[in-house]
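Student: My structure is in my_file_1.tsv, and what it holds is TSV, C-alpha atoms:
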```
chain	number	residue	atom	x	y	z
O	17	MET	CA	-148.39	-52.70	104.66
O	18	HIS	CA	-150.14	-49.70	106.19
O	19	GLN	CA	-150.60	-46.15	104.91
O	20	ALA	CA	-147.30	-44.69	106.15
O	21	GLN	CA	-145.31	-47.52	104.65
O	22	ILE	CA	-147.12	-47.15	101.37
O	23	ALA	CA	-146.29	-43.45	101.30
O	24	ILE	CA	-142.58	-44.08	101.92
O	25	PHE	CA	-142.52	-46.79	99.30
O	26	ALA	CA	-144.14	-44.47	96.79
O	27	ALA	CA	-141.66	-41.69	97.59
O	28	LEU	CA	-138.72	-44.04	97.09
O	29	LEU	CA	-140.07	-45.22	93.78
O	30	SER	CA	-140.59	-41.70	92.50
O	31	LEU	CA	-136.85	-41.02	92.86
O	32	GLU	CA	-136.05	-43.35	90.05
O	33	PHE	CA	-138.08	-41.64	87.36
O	34	THR	CA	-137.99	-37.89	87.42
O	35	GLY	CA	-137.65	-38.06	83.69
O	36	LEU	CA	-139.31	-36.15	80.89
O	37	ALA	CA	-141.40	-34.37	83.51
O	38	THR	CA	-143.14	-31.13	82.70
O	39	ALA	CA	-145.05	-28.54	84.63
O	40	ALA	CA	-148.52	-27.96	83.22
O	41	ASP	CA	-148.65	-24.47	84.70
O	42	PRO	CA	-146.59	-21.86	82.79
O	43	ALA	CA	-146.07	-19.75	85.89
O	44	ALA	CA	-144.67	-22.72	87.80
O	45	SER	CA	-142.52	-23.85	84.89
O	46	GLY	CA	-139.78	-21.33	85.63
O	47	LEU	CA	-138.97	-21.16	81.92
O	48	PRO	CA	-136.85	-18.23	80.70
O	49	PRO	CA	-138.22	-15.90	78.00
O	50	ILE	CA	-138.27	-17.37	74.46
O	51	GLU	CA	-135.08	-16.62	72.54
O	52	PRO	CA	-134.95	-15.94	68.80
O	53	TYR	CA	-134.21	-19.14	66.89
O	54	CYS	CA	-130.66	-19.30	65.41
O	55	HIS	CA	-130.68	-20.92	62.00
O	56	TRP	CA	-128.03	-23.53	61.39
O	57	GLU	CA	-126.66	-25.26	58.34
O	58	GLN	CA	-125.79	-28.83	57.77
O	59	THR	CA	-123.09	-30.05	55.41
O	60	ASP	CA	-122.12	-33.72	54.98
O	61	LEU	CA	-124.27	-34.79	57.95
O	62	MET	CA	-122.56	-32.28	60.23
O	63	ILE	CA	-123.23	-28.87	61.75
O	64	VAL	CA	-119.70	-27.56	61.97
O	65	GLU	CA	-120.40	-24.07	63.38
O	66	PRO	CA	-121.58	-23.83	67.01
O	67	LEU	CA	-125.18	-22.60	67.33
O	68	CYS	CA	-125.28	-18.76	67.34
O	69	GLY	CA	-121.47	-18.90	67.63
O	70	LEU	CA	-121.76	-19.83	71.33
O	71	LYS	CA	-119.16	-21.69	73.35
O	72	GLY	CA	-120.19	-24.69	75.43
O	73	ASP	CA	-119.32	-25.44	79.04
O	74	ALA	CA	-118.81	-29.17	79.69
O	75	LYS	CA	-119.61	-28.95	83.40
O	76	ARG	CA	-122.97	-27.33	82.80
O	77	GLY	CA	-123.55	-29.76	79.94
O	78	ARG	CA	-123.19	-32.74	82.25
O	79	ALA	CA	-125.84	-31.32	84.59
O	80	ILE	CA	-128.21	-30.62	81.68
O	81	ALA	CA	-127.76	-34.14	80.26
O	82	THR	CA	-128.79	-35.79	83.52
O	83	ASP	CA	-131.49	-33.33	84.64
O	84	GLY	CA	-134.95	-34.87	84.23
O	85	ASN	CA	-136.45	-31.49	83.42
O	86	ARG	CA	-133.83	-30.38	80.89
O	87	GLY	CA	-131.85	-32.63	78.54
O	88	ASN	CA	-132.70	-35.85	80.32
O	89	CYS	CA	-130.49	-37.74	77.88
O	90	VAL	CA	-130.19	-40.53	80.46
O	91	ALA	CA	-133.93	-41.19	80.03
O	92	CYS	CA	-132.98	-43.06	76.87
O	93	HIS	CA	-129.18	-43.39	76.85
O	94	ASN	CA	-126.68	-45.07	79.07
O	95	MET	CA	-124.00	-42.49	79.97
O	96	PRO	CA	-121.82	-44.25	82.48
O	97	PHE	CA	-121.13	-41.77	85.29
O	98	GLY	CA	-121.48	-44.14	88.20
O	99	ASP	CA	-123.73	-41.75	90.15
O	100	VAL	CA	-126.89	-41.62	88.04
O	101	GLU	CA	-129.58	-44.18	88.69
O	102	GLY	CA	-132.02	-45.51	86.18
O	103	TYR	CA	-130.70	-45.16	82.66
O	104	GLY	CA	-132.84	-45.77	79.63
O	105	THR	CA	-132.13	-48.42	77.04
O	106	ILE	CA	-133.99	-46.94	74.07
O	107	GLY	CA	-130.95	-45.17	72.58
O	108	PRO	CA	-127.39	-46.42	72.10
O	109	SER	CA	-124.89	-45.96	74.94
O	110	LEU	CA	-123.11	-42.62	74.76
O	111	ALA	CA	-119.98	-43.93	76.50
O	112	GLY	CA	-116.93	-42.77	74.58
O	113	ILE	CA	-119.05	-40.79	72.10
O	114	GLY	CA	-116.62	-37.86	71.90
O	115	GLY	CA	-113.84	-40.20	70.80
O	116	ARG	CA	-115.93	-41.83	68.11
O	117	TYR	CA	-117.32	-38.91	66.15
O	118	PRO	CA	-116.38	-35.39	65.13
O	119	GLU	CA	-118.09	-32.56	66.99
O	120	GLY	CA	-120.11	-31.48	63.93
O	121	TYR	CA	-121.61	-34.96	63.61
O	122	ILE	CA	-122.67	-34.98	67.26
O	123	ARG	CA	-124.09	-31.45	66.95
O	124	LEU	CA	-126.41	-32.44	64.09
O	125	ARG	CA	-127.64	-35.47	66.04
O	126	VAL	CA	-128.45	-33.47	69.13
O	127	VAL	CA	-129.94	-30.55	67.15
O	128	ASP	CA	-132.19	-32.44	64.70
O	129	THR	CA	-131.52	-36.06	63.77
O	130	LYS	CA	-134.86	-36.14	61.99
O	131	SER	CA	-133.60	-33.61	59.45
O	132	PHE	CA	-131.79	-36.50	57.74
O	133	ASN	CA	-133.58	-39.53	59.20
O	134	PRO	CA	-137.32	-38.96	59.58
O	135	ALA	CA	-137.75	-42.41	61.17
O	136	SER	CA	-135.47	-41.47	64.08
O	137	ILE	CA	-136.89	-41.21	67.58
O	138	MET	CA	-134.01	-39.15	68.94
O	139	PRO	CA	-135.72	-35.88	70.01
O	140	GLY	CA	-134.42	-32.80	68.18
O	141	TYR	CA	-133.15	-30.52	70.91
O	142	TYR	CA	-132.83	-27.50	68.63
O	143	ARG	CA	-135.42	-28.22	65.98
O	144	ASP	CA	-137.25	-25.44	64.26
O	145	PRO	CA	-140.20	-24.88	66.68
O	146	GLY	CA	-142.46	-24.55	63.64
O	147	LYS	CA	-142.00	-28.28	62.97
O	148	ILE	CA	-143.30	-29.47	66.34
O	149	HIS	CA	-146.74	-31.07	66.23
O	150	ARG	CA	-148.99	-30.15	69.18
O	151	PRO	CA	-146.42	-28.83	71.64
O	152	ALA	CA	-147.70	-28.18	75.16
O	153	LYS	CA	-148.81	-24.54	75.47
O	154	ILE	CA	-145.89	-23.62	77.71
O	155	PHE	CA	-143.41	-24.98	75.13
O	156	LYS	CA	-144.95	-23.37	72.07
O	157	GLY	CA	-142.34	-21.49	70.04
O	158	ARG	CA	-139.53	-23.03	72.07
O	159	THR	CA	-136.74	-25.40	71.27
O	160	PHE	CA	-136.27	-28.33	73.68
O	161	LEU	CA	-133.00	-26.84	74.94
O	162	THR	CA	-131.65	-23.32	74.37
O	163	ALA	CA	-128.75	-22.86	71.94
O	164	GLN	CA	-126.43	-22.32	74.90
O	165	GLU	CA	-127.63	-25.50	76.59
O	166	VAL	CA	-127.12	-27.50	73.39
O	167	GLU	CA	-123.56	-26.20	73.11
O	168	ASP	CA	-122.97	-27.06	76.79
O	169	VAL	CA	-124.18	-30.63	76.22
O	170	ILE	CA	-121.96	-30.95	73.14
O	171	GLY	CA	-119.03	-29.59	75.12
O	172	PHE	CA	-119.70	-32.32	77.66
O	173	LEU	CA	-120.13	-35.11	75.08
O	174	MET	CA	-116.75	-34.14	73.58
O	175	THR	CA	-115.11	-34.82	76.96
O	176	MET	CA	-116.48	-38.40	76.96
O	177	LYS	CA	-113.62	-40.09	75.15
B	24	MET	CA	-127.73	-57.45	60.57
B	25	SER	CA	-129.56	-58.08	63.84
B	26	ILE	CA	-132.63	-56.04	64.84
B	27	LYS	CA	-130.59	-54.46	67.62
B	28	ALA	CA	-127.84	-53.37	65.27
B	29	LEU	CA	-130.46	-51.88	62.97
B	30	MET	CA	-131.96	-49.90	65.84
B	31	ILE	CA	-128.60	-48.56	66.81
B	32	SER	CA	-127.90	-47.40	63.30
B	33	GLY	CA	-131.21	-45.57	63.50
B	34	LEU	CA	-132.42	-47.07	60.24
B	35	LEU	CA	-135.22	-49.12	61.70
B	36	SER	CA	-138.22	-48.64	59.46
B	37	ALA	CA	-141.76	-48.53	60.84
B	38	SER	CA	-142.73	-51.85	59.23
B	39	LEU	CA	-139.72	-53.66	60.66
B	40	ALA	CA	-140.44	-52.09	64.03
B	41	GLN	CA	-143.90	-53.60	64.02
B	42	ALA	CA	-142.42	-57.07	63.64
B	43	VAL	CA	-140.74	-56.59	67.02
B	44	MET	CA	-144.15	-56.37	68.79
B	45	ALA	CA	-144.41	-59.38	71.06
B	46	GLU	CA	-147.45	-61.22	72.44
B	47	GLN	CA	-150.15	-59.20	74.21
B	48	LEU	CA	-149.19	-58.66	77.86
B	49	SER	CA	-150.81	-56.77	80.73
B	50	GLY	CA	-148.89	-53.92	82.37
B	51	TYR	CA	-148.69	-56.38	85.27
B	52	ALA	CA	-145.98	-58.29	83.40
B	53	PHE	CA	-143.75	-55.18	83.33
B	54	ILE	CA	-143.94	-53.87	86.90
B	55	LYS	CA	-141.47	-54.67	89.67
B	56	ASP	CA	-141.96	-57.71	91.89
B	57	ASP	CA	-142.80	-55.67	94.98
B	58	THR	CA	-145.35	-53.59	93.03
B	59	ARG	CA	-146.92	-56.82	91.82
B	60	ALA	CA	-147.04	-58.15	95.38
B	61	MET	CA	-148.70	-54.92	96.48
B	62	GLN	CA	-151.37	-55.22	93.78
B	63	ASP	CA	-152.08	-58.83	94.68
B	64	ASP	CA	-152.55	-58.19	98.38
B	65	ASP	CA	-155.96	-56.63	99.07
B	66	PHE	CA	-154.67	-55.22	102.35
B	67	ALA	CA	-151.66	-53.52	100.77
B	68	ASN	CA	-153.20	-52.40	97.46
B	69	PRO	CA	-153.83	-48.63	97.86
B	70	GLY	CA	-156.41	-48.79	95.06
B	71	LEU	CA	-158.78	-50.61	97.37
B	72	ILE	CA	-159.26	-47.33	99.22
B	73	ALA	CA	-160.82	-45.91	96.05
B	74	VAL	CA	-162.98	-49.03	95.72
B	75	ALA	CA	-164.26	-48.48	99.29
B	76	THR	CA	-164.83	-44.75	98.67
B	77	GLY	CA	-166.68	-45.59	95.47
B	78	ALA	CA	-168.82	-48.19	97.25
B	79	GLU	CA	-169.83	-45.54	99.76
B	80	LEU	CA	-170.67	-42.94	97.08
B	81	PHE	CA	-172.66	-45.58	95.22
B	82	LYS	CA	-175.06	-45.75	98.16
B	83	THR	CA	-175.14	-42.03	98.85
B	84	ALA	CA	-177.60	-39.61	97.30
B	85	SER	CA	-176.06	-36.54	95.66
B	86	ARG	CA	-176.17	-33.10	97.22
B	87	SER	CA	-179.39	-32.30	95.43
B	88	GLY	CA	-181.02	-35.46	96.77
B	89	GLY	CA	-182.61	-37.87	94.34
B	90	LYS	CA	-181.86	-41.54	93.96
B	91	THR	CA	-178.63	-43.34	94.62
B	92	CYS	CA	-176.83	-45.70	92.21
B	93	ALA	CA	-177.68	-48.49	94.66
B	94	ASP	CA	-181.41	-47.86	94.22
B	95	CYS	CA	-181.14	-49.29	90.71
B	96	HIS	CA	-178.03	-51.47	90.82
B	97	GLY	CA	-178.12	-53.06	94.28
B	98	GLU	CA	-176.47	-52.09	97.58
B	99	ALA	CA	-173.11	-53.52	96.52
B	100	GLY	CA	-173.71	-53.14	92.79
B	101	GLU	CA	-174.73	-56.79	92.60
B	102	LYS	CA	-177.20	-56.05	89.80
B	103	LEU	CA	-174.44	-54.71	87.56
B	104	VAL	CA	-173.40	-57.33	85.02
B	105	PRO	CA	-169.60	-57.78	85.09
B	106	GLN	CA	-169.56	-59.02	81.48
B	107	ARG	CA	-171.16	-55.77	80.38
B	108	ILE	CA	-168.81	-53.62	82.41
B	109	ALA	CA	-165.98	-55.34	80.55
B	110	THR	CA	-167.28	-54.00	77.22
B	111	TYR	CA	-166.60	-50.31	78.00
B	112	PRO	CA	-166.01	-47.97	76.26
B	113	VAL	CA	-169.10	-48.77	74.19
B	114	TYR	CA	-170.23	-47.20	70.95
B	115	ASP	CA	-173.73	-45.74	70.93
B	116	SER	CA	-174.68	-46.06	67.27
B	117	ASP	CA	-177.99	-44.19	67.69
B	118	ASN	CA	-176.26	-41.06	68.88
B	119	LYS	CA	-172.97	-41.77	67.10
B	120	ARG	CA	-170.79	-41.34	70.14
B	121	ILE	CA	-168.37	-43.26	72.32
B	122	ILE	CA	-169.45	-43.74	75.94
B	123	SER	CA	-166.70	-44.43	78.44
B	124	LEU	CA	-167.49	-46.00	81.79
B	125	GLN	CA	-166.94	-42.60	83.35
B	126	SER	CA	-169.43	-40.90	81.04
B	127	ARG	CA	-171.96	-43.71	81.61
B	128	ILE	CA	-171.73	-43.10	85.37
B	129	THR	CA	-172.11	-39.36	84.84
B	130	ALA	CA	-175.15	-39.94	82.62
B	131	CYS	CA	-176.78	-42.06	85.35
B	132	ARG	CA	-176.12	-39.49	88.02
B	133	THR	CA	-177.48	-36.69	85.87
B	134	ARG	CA	-180.66	-38.65	85.20
B	135	VAL	CA	-181.46	-39.64	88.75
B	136	ALA	CA	-179.98	-36.82	90.75
B	137	ASP	CA	-179.45	-33.86	88.44
B	138	ASP	CA	-175.90	-33.61	89.71
B	139	THR	CA	-172.75	-34.02	87.68
B	140	LEU	CA	-169.23	-34.40	88.94
B	141	PRO	CA	-166.57	-32.77	86.73
B	142	VAL	CA	-164.65	-35.15	84.42
B	143	ASN	CA	-161.90	-37.02	86.31
B	144	HIS	CA	-163.03	-35.69	89.70
B	145	PRO	CA	-161.61	-38.01	92.39
B	146	ASP	CA	-165.14	-39.00	93.48
B	147	LEU	CA	-166.04	-39.89	89.91
B	148	ILE	CA	-162.85	-41.93	89.55
B	149	ALA	CA	-163.68	-43.67	92.86
B	150	LEU	CA	-167.12	-44.58	91.48
B	151	GLU	CA	-165.54	-45.76	88.23
B	152	THR	CA	-163.03	-47.83	90.20
B	153	PHE	CA	-165.77	-49.40	92.30
B	154	VAL	CA	-167.85	-50.28	89.23
B	155	ARG	CA	-164.95	-51.62	87.16
B	156	ASN	CA	-163.74	-53.62	90.16
B	157	ARG	CA	-167.04	-55.52	89.98
B	158	ALA	CA	-165.64	-57.00	86.76
B	159	ARG	CA	-162.24	-57.94	88.15
B	160	ASP	CA	-160.82	-61.01	86.33
B	161	VAL	CA	-163.36	-60.73	83.49
B	162	PRO	CA	-161.57	-60.37	80.11
B	163	VAL	CA	-161.82	-56.97	78.41
B	164	ASN	CA	-164.37	-57.30	75.62
B	165	VAL	CA	-164.74	-54.12	73.57
B	166	ASN	CA	-166.85	-54.38	70.42
B	167	THR	CA	-164.72	-54.31	67.28
B	168	GLU	CA	-167.41	-55.36	64.79
B	169	GLY	CA	-169.28	-53.35	62.19
B	170	THR	CA	-168.23	-50.74	59.68
B	171	GLU	CA	-168.79	-47.73	61.96
B	172	ILE	CA	-166.74	-49.24	64.78
B	173	LYS	CA	-164.01	-50.37	62.42
B	174	ALA	CA	-163.80	-46.80	61.12
B	175	LEU	CA	-163.37	-45.36	64.59
B	176	LEU	CA	-160.80	-47.95	65.52
B	177	LYS	CA	-158.86	-46.89	62.46
B	178	ARG	CA	-159.00	-43.24	63.51
B	179	GLY	CA	-157.90	-44.23	67.02
B	180	GLU	CA	-154.99	-46.16	65.59
B	181	GLU	CA	-153.94	-43.14	63.53
B	182	LEU	CA	-153.87	-41.03	66.70
B	183	TYR	CA	-151.86	-43.79	68.40
B	184	ASN	CA	-149.32	-43.65	65.57
B	185	THR	CA	-149.00	-39.85	65.45
B	186	ARG	CA	-145.99	-38.09	66.95
B	187	TYR	CA	-146.67	-35.32	69.45
B	188	GLY	CA	-144.85	-32.67	71.42
B	189	LEU	CA	-141.22	-31.71	71.85
B	190	ILE	CA	-140.27	-35.34	72.47
B	191	ASP	CA	-141.95	-35.94	69.12
B	192	MET	CA	-142.77	-39.57	69.73
B	193	SER	CA	-145.96	-41.54	69.19
B	194	CYS	CA	-147.72	-43.91	71.57
B	195	HIS	CA	-146.76	-46.61	69.08
B	196	ILE	CA	-143.04	-45.91	69.38
B	197	CYS	CA	-143.00	-46.34	73.15
B	198	HIS	CA	-145.71	-48.94	73.71
B	199	THR	CA	-145.37	-51.13	70.63
B	200	VAL	CA	-141.81	-50.79	69.39
B	201	TYR	CA	-139.99	-50.21	72.68
B	202	ALA	CA	-142.22	-52.08	75.16
B	203	GLY	CA	-139.92	-53.91	77.55
B	204	GLN	CA	-137.17	-51.27	77.20
B	205	TYR	CA	-136.45	-48.72	79.91
B	206	VAL	CA	-137.12	-45.00	80.06
B	207	ARG	CA	-134.93	-43.80	82.89
B	208	GLY	CA	-135.15	-46.98	84.91
B	209	GLN	CA	-138.88	-47.33	84.23
B	210	LYS	CA	-139.89	-50.35	82.19
B	211	ILE	CA	-142.24	-49.42	79.35
B	212	SER	CA	-145.27	-51.68	79.06
B	213	GLN	CA	-147.55	-52.18	76.08
B	214	GLY	CA	-149.90	-49.47	77.35
B	215	GLN	CA	-152.76	-51.90	77.94
B	216	THR	CA	-155.92	-50.69	79.65
B	217	ASN	CA	-157.07	-53.67	81.74
B	218	GLY	CA	-155.62	-52.28	85.00
B	219	PHE	CA	-157.56	-49.01	84.99
B	220	PRO	CA	-158.52	-47.16	87.04
B	221	ALA	CA	-155.20	-47.92	88.69
B	222	TYR	CA	-153.30	-46.59	91.69
B	223	ARG	CA	-150.14	-44.79	90.53
B	224	LEU	CA	-147.25	-44.87	92.97
B	225	GLY	CA	-145.41	-41.96	91.29
B	226	PRO	CA	-148.06	-39.25	91.74
B	227	GLY	CA	-149.56	-41.23	94.67
B	228	GLU	CA	-153.12	-41.17	93.38
B	229	MET	CA	-155.68	-43.00	91.30
B	230	ALA	CA	-155.64	-42.54	87.54
B	231	ASN	CA	-158.26	-43.69	85.10
B	232	LEU	CA	-157.33	-44.32	81.48
B	233	ASN	CA	-158.22	-40.77	80.54
B	234	LEU	CA	-155.75	-39.32	83.05
B	235	ARG	CA	-153.04	-41.84	82.16
B	236	ILE	CA	-153.19	-40.80	78.50
B	237	THR	CA	-153.01	-37.16	79.58
B	238	GLN	CA	-149.97	-37.96	81.73
B	239	CYS	CA	-148.21	-39.64	78.79
B	240	MET	CA	-148.91	-36.61	76.60
B	241	ASP	CA	-147.48	-34.34	79.32
B	242	LEU	CA	-144.44	-36.60	79.34
B	243	MET	CA	-144.08	-35.99	75.60
B	244	ARG	CA	-144.27	-32.25	76.30
B	245	ALA	CA	-147.34	-32.27	74.11
B	246	GLU	CA	-150.63	-30.42	74.58
B	247	PRO	CA	-152.90	-33.21	75.84
B	248	PHE	CA	-156.22	-33.79	74.11
B	249	PRO	CA	-158.93	-32.35	76.38
B	250	SER	CA	-160.49	-35.06	78.60
B	251	ASP	CA	-163.84	-35.01	76.81
B	252	SER	CA	-162.54	-34.44	73.28
B	253	GLU	CA	-163.28	-36.68	70.32
B	254	GLU	CA	-159.57	-37.53	69.99
B	255	MET	CA	-159.34	-38.64	73.62
B	256	LYS	CA	-162.39	-40.88	73.21
B	257	LEU	CA	-161.00	-42.41	70.04
B	258	LEU	CA	-157.69	-43.13	71.76
B	259	GLU	CA	-159.47	-44.66	74.75
B	260	TYR	CA	-161.60	-46.83	72.48
B	261	TYR	CA	-158.71	-48.01	70.32
B	262	LEU	CA	-156.48	-48.69	73.33
B	263	SER	CA	-159.24	-50.60	75.13
B	264	ALA	CA	-160.02	-52.75	72.08
B	265	ARG	CA	-156.30	-53.48	71.83
B	266	SER	CA	-156.59	-54.96	75.37
B	267	ASN	CA	-159.41	-57.33	74.45
B	268	GLY	CA	-158.95	-60.68	76.17
B	269	LEU	CA	-156.77	-59.40	79.03
B	270	PRO	CA	-158.41	-59.92	82.45
B	271	ILE	CA	-159.51	-56.74	84.23
B	272	GLU	CA	-157.21	-55.99	87.19
B	273	THR	CA	-158.90	-52.88	88.60
B	274	PRO	CA	-157.47	-51.53	90.79
B	275	ALA	CA	-154.01	-52.30	89.37
B	276	VAL	CA	-150.92	-50.80	91.00
B	277	ARG	CA	-148.57	-49.10	88.57
B	278	TYR	CA	-145.62	-46.83	88.79
```
Produce structure tokens that represent the structure in this file.
Tutor:
Amino acid sequence: MHQAQIAIFAALLSLEFTGLATAADPAASGLPPIEPYCHWEQTDLMIVEPLCGLKGDAKRGRAIATDGNRGNCVACHNMPFGDVEGYGTIGPSLAGIGGRYPEGYIRLRVVDTKSFNPASIMPGYYRDPGKIHRPAKIFKGRTFLTAQEVEDVIGFLMTMK
Amino acid sequence: MSIKALMISGLLSASLAQAVMAEQLSGYAFIKDDTRAMQDDDFANPGLIAVATGAELFKTASRSGGKTCADCHGEAGEKLVPQRIATYPVYDSDNKRIISLQSRITACRTRVADDTLPVNHPDLIALETFVRNRARDVPVNVNTEGTEIKALLKRGEELYNTRYGLIDMSCHICHTVYAGQYVRGQKISQGQTNGFPAYRLGPGEMANLNLRITQCMDLMRAEPFPSDSEEMKLLEYYLSARSNGLPIETPAVRY
């Protein structure tokens, strides 16, 4: 194989794993300003109230769940859409999730599973930023997703019945 | 209840997780067939370019003049002992510090030529690749004996088991518990070190162990340990000792 072929091969391979990628340079990260953290309450392993009282948008939620730089849920979970390549197998399949659990249950899992199961490896997408050990500088003081994005993802998960 | 069912319920405890750890395998066992074929073919393996660049630099005096590496170690590095190269990183008990292959090369250059390349500079990685390649097929053989070394291995292991960043996972979770599983279509290996420096197809460049650890910490959205920090050296030492017995593949080809 010569150089050009190697380059094409490498480019093809890189398509399959955009996941969990970050930009080291804050300016290039394109991150919005840090929002104040909305405190949430859990009762009976559920967060019943939407974060900051926001309403989710399922269509946006789908995009966030598959975007390697945002939710990237597919890095670890199978979410059968038919058009996403390269699922992860670390987490359980999310097929039919919205039919299996109440919304409040799903919200707590996406927000902070570790709040009730410290052994969990499911990232907390709206964990108290003060609990994150050694975040990258550009993510300091931030939640993984914004409250709106979390609600969008939940809106989307609830459509997967 | 099966292990899988336990994982799904999210109740898998750390001790149970450890029991899942399989036999010691090189990253080579986890890559795709065509990547493996590329690594095995010296004409297709892009890492050989770094070996050739390194071989050239080995014979070239630095900008400030002085001696070349070849003046002491032979034109093609034939006076370097592969069995000794396989013991890096080494612990210097007189000065109480860990010396990686990269820092050994830098120390040599500073002594003979008063010229240092910055940590992880592509030329330095090329030199490291050339030198490590001299020990291809020799089993990794990092010293694990003695109280001081045992203490640093323990500290390295603690760092390996610590969760970092927004992903809030540890090296252990991915490379011990979930080795063989997929992260977005990418098979996770045991994080062994015998392939390094390796050519990475994703970024399209060489990475030594130091850079690979940095890249994993970026992946975790964590603040990486600085390249020359104590923590980075401890992680490199622990990880390398964990690879003892695996044949050196430098330059490996990895995703």
Student: Please provide the set of residues having any atom within 12 Å of O:Leu70, restricted to only C-alpha atoms, with same-chain residues fewer than 3 positions apart removed, written as a PyMOL selection string.
Tutor: chain O and resi 54+65-67+73+162-168+170-171
Student: Kindly save the residues from that selection, with C-alpha atoms included, as a PDB file, in the frame of the given file.
Tutor:
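What landed in part.pdb:
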```pdb
ATOM      1  CA  CYS O  54    -130.660 -19.300  65.410  1.00  0.00           C
ATOM      2  CA  GLU O  65    -120.400 -24.070  63.380  1.00  0.00           C
ATOM      3  CA  PRO O  66    -121.580 -23.830  67.010  1.00  0.00           C
ATOM      4  CA  LEU O  67    -125.180 -22.600  67.330  1.00  0.00           C
ATOM      5  CA  ASP O  73    -119.320 -25.440  79.040  1.00  0.00           C
ATOM      6  CA  THR O 162    -131.650 -23.320  74.370  1.00  0.00           C
ATOM      7  CA  ALA O 163    -128.750 -22.860  71.940  1.00  0.00           C
ATOM      8  CA  GLN O 164    -126.430 -22.320  74.900  1.00  0.00           C
ATOM      9  CA  GLU O 165    -127.630 -25.500  76.590  1.00  0.00           C
ATOM     10  CA  VAL O 166    -127.120 -27.500  73.390  1.00  0.00           C
ATOM     11  CA  GLU O 167    -123.560 -26.200  73.110  1.00  0.00           C
ATOM     12  CA  ASP O 168    -122.970 -27.060  76.790  1.00  0.00           C
ATOM     13  CA  ILE O 170    -121.960 -30.950  73.140  1.00  0.00           C
ATOM     14  CA  GLY O 171    -119.030 -29.590  75.120  1.00  0.00           C
TER      15      GLY O 171
END
```
Student: Using all atoms listed in the file, determine which residues of chain B fall within 9 Å of chain O; present them as a ChimeraX atom specification.
Tutor: /B:30-37,61,66-69,186-192,196,201,204-210,223-227,240-247,278
Student: Separation of atom CA of O:Gly87 and atom CA of O:Gly157, in Å?
Tutor: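 Between atom CA of O:Gly87 and atom CA of O:Gly157 the gap works out to 17.5 Å.
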Student: I'd like the neighbourhood of B:Thr133 as a PyMOL selection string, where a residue qualifies if any of its atoms comes within 12 Å (using only C-alpha atoms), though same-chain residues fewer than 4 positions away should be ignored.
Tutor: chain B and resi 84-92+126-129+137-141
Student: Please produce a file of those selected residues containing C-alpha atoms, as a CSV table (one decimal), in the frame of the given file.
Tutor:
```csv
chain,number,residue,atom,x,y,z
B,84,ALA,CA,-177.6,-39.6,97.3
B,85,SER,CA,-176.1,-36.5,95.7
B,86,ARG,CA,-176.2,-33.1,97.2
B,87,SER,CA,-179.4,-32.3,95.4
B,88,GLY,CA,-181.0,-35.5,96.8
B,89,GLY,CA,-182.6,-37.9,94.3
B,90,LYS,CA,-181.9,-41.5,94.0
B,91,THR,CA,-178.6,-43.3,94.6
B,92,CYS,CA,-176.8,-45.7,92.2
B,126,SER,CA,-169.4,-40.9,81.0
B,127,ARG,CA,-172.0,-43.7,81.6
B,128,ILE,CA,-171.7,-43.1,85.4
B,129,THR,CA,-172.1,-39.4,84.8
B,137,ASP,CA,-179.4,-33.9,88.4
B,138,ASP,CA,-175.9,-33.6,89.7
B,139,THR,CA,-172.8,-34.0,87.7
B,140,LEU,CA,-169.2,-34.4,88.9
B,141,PRO,CA,-166.6,-32.8,86.7
```
Student: Could you pull stretch 110-115 of chain O out of the structure just shown and give N, CA, C and O atoms as a JSON list (two decimals), in the first residue's frame?
Tutor:
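Printed below is decode_22.json as written:
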```
[["chain", "number", "residue", "atom", "x", "y", "z"],
["O", 110, "LEU", "N", -30.79, 0.67, 24.47],
["O", 110, "LEU", "CA", -31.85, 1.60, 24.87],
["O", 110, "LEU", "C", -33.10, 1.43, 24.00],
["O", 110, "LEU", "O", -34.02, 2.24, 24.07],
["O", 111, "ALA", "N", -33.12, 0.38, 23.18],
["O", 111, "ALA", "CA", -34.31, 0.14, 22.36],
["O", 111, "ALA", "C", -35.53, -0.04, 23.27],
["O", 111, "ALA", "O", -35.48, -0.78, 24.24],
["O", 112, "GLY", "N", -36.58, 0.68, 22.97],
["O", 112, "GLY", "CA", -37.83, 0.52, 23.71],
["O", 112, "GLY", "C", -37.81, 1.11, 25.11],
["O", 112, "GLY", "O", -38.74, 0.87, 25.91],
["O", 113, "ILE", "N", -36.78, 1.91, 25.44],
["O", 113, "ILE", "CA", -36.59, 2.39, 26.81],
["O", 113, "ILE", "C", -37.80, 3.20, 27.32],
["O", 113, "ILE", "O", -38.22, 3.05, 28.47],
["O", 114, "GLY", "N", -38.36, 4.02, 26.44],
["O", 114, "GLY", "CA", -39.48, 4.87, 26.83],
["O", 114, "GLY", "C", -40.74, 4.08, 27.20],
["O", 114, "GLY", "O", -41.62, 4.57, 27.92],
["O", 115, "GLY", "N", -40.83, 2.85, 26.70],
["O", 115, "GLY", "CA", -41.97, 2.01, 27.03],
["O", 115, "GLY", "C", -41.76, 1.23, 28.32],
["O", 115, "GLY", "O", -42.71, 0.72, 28.92]]
```
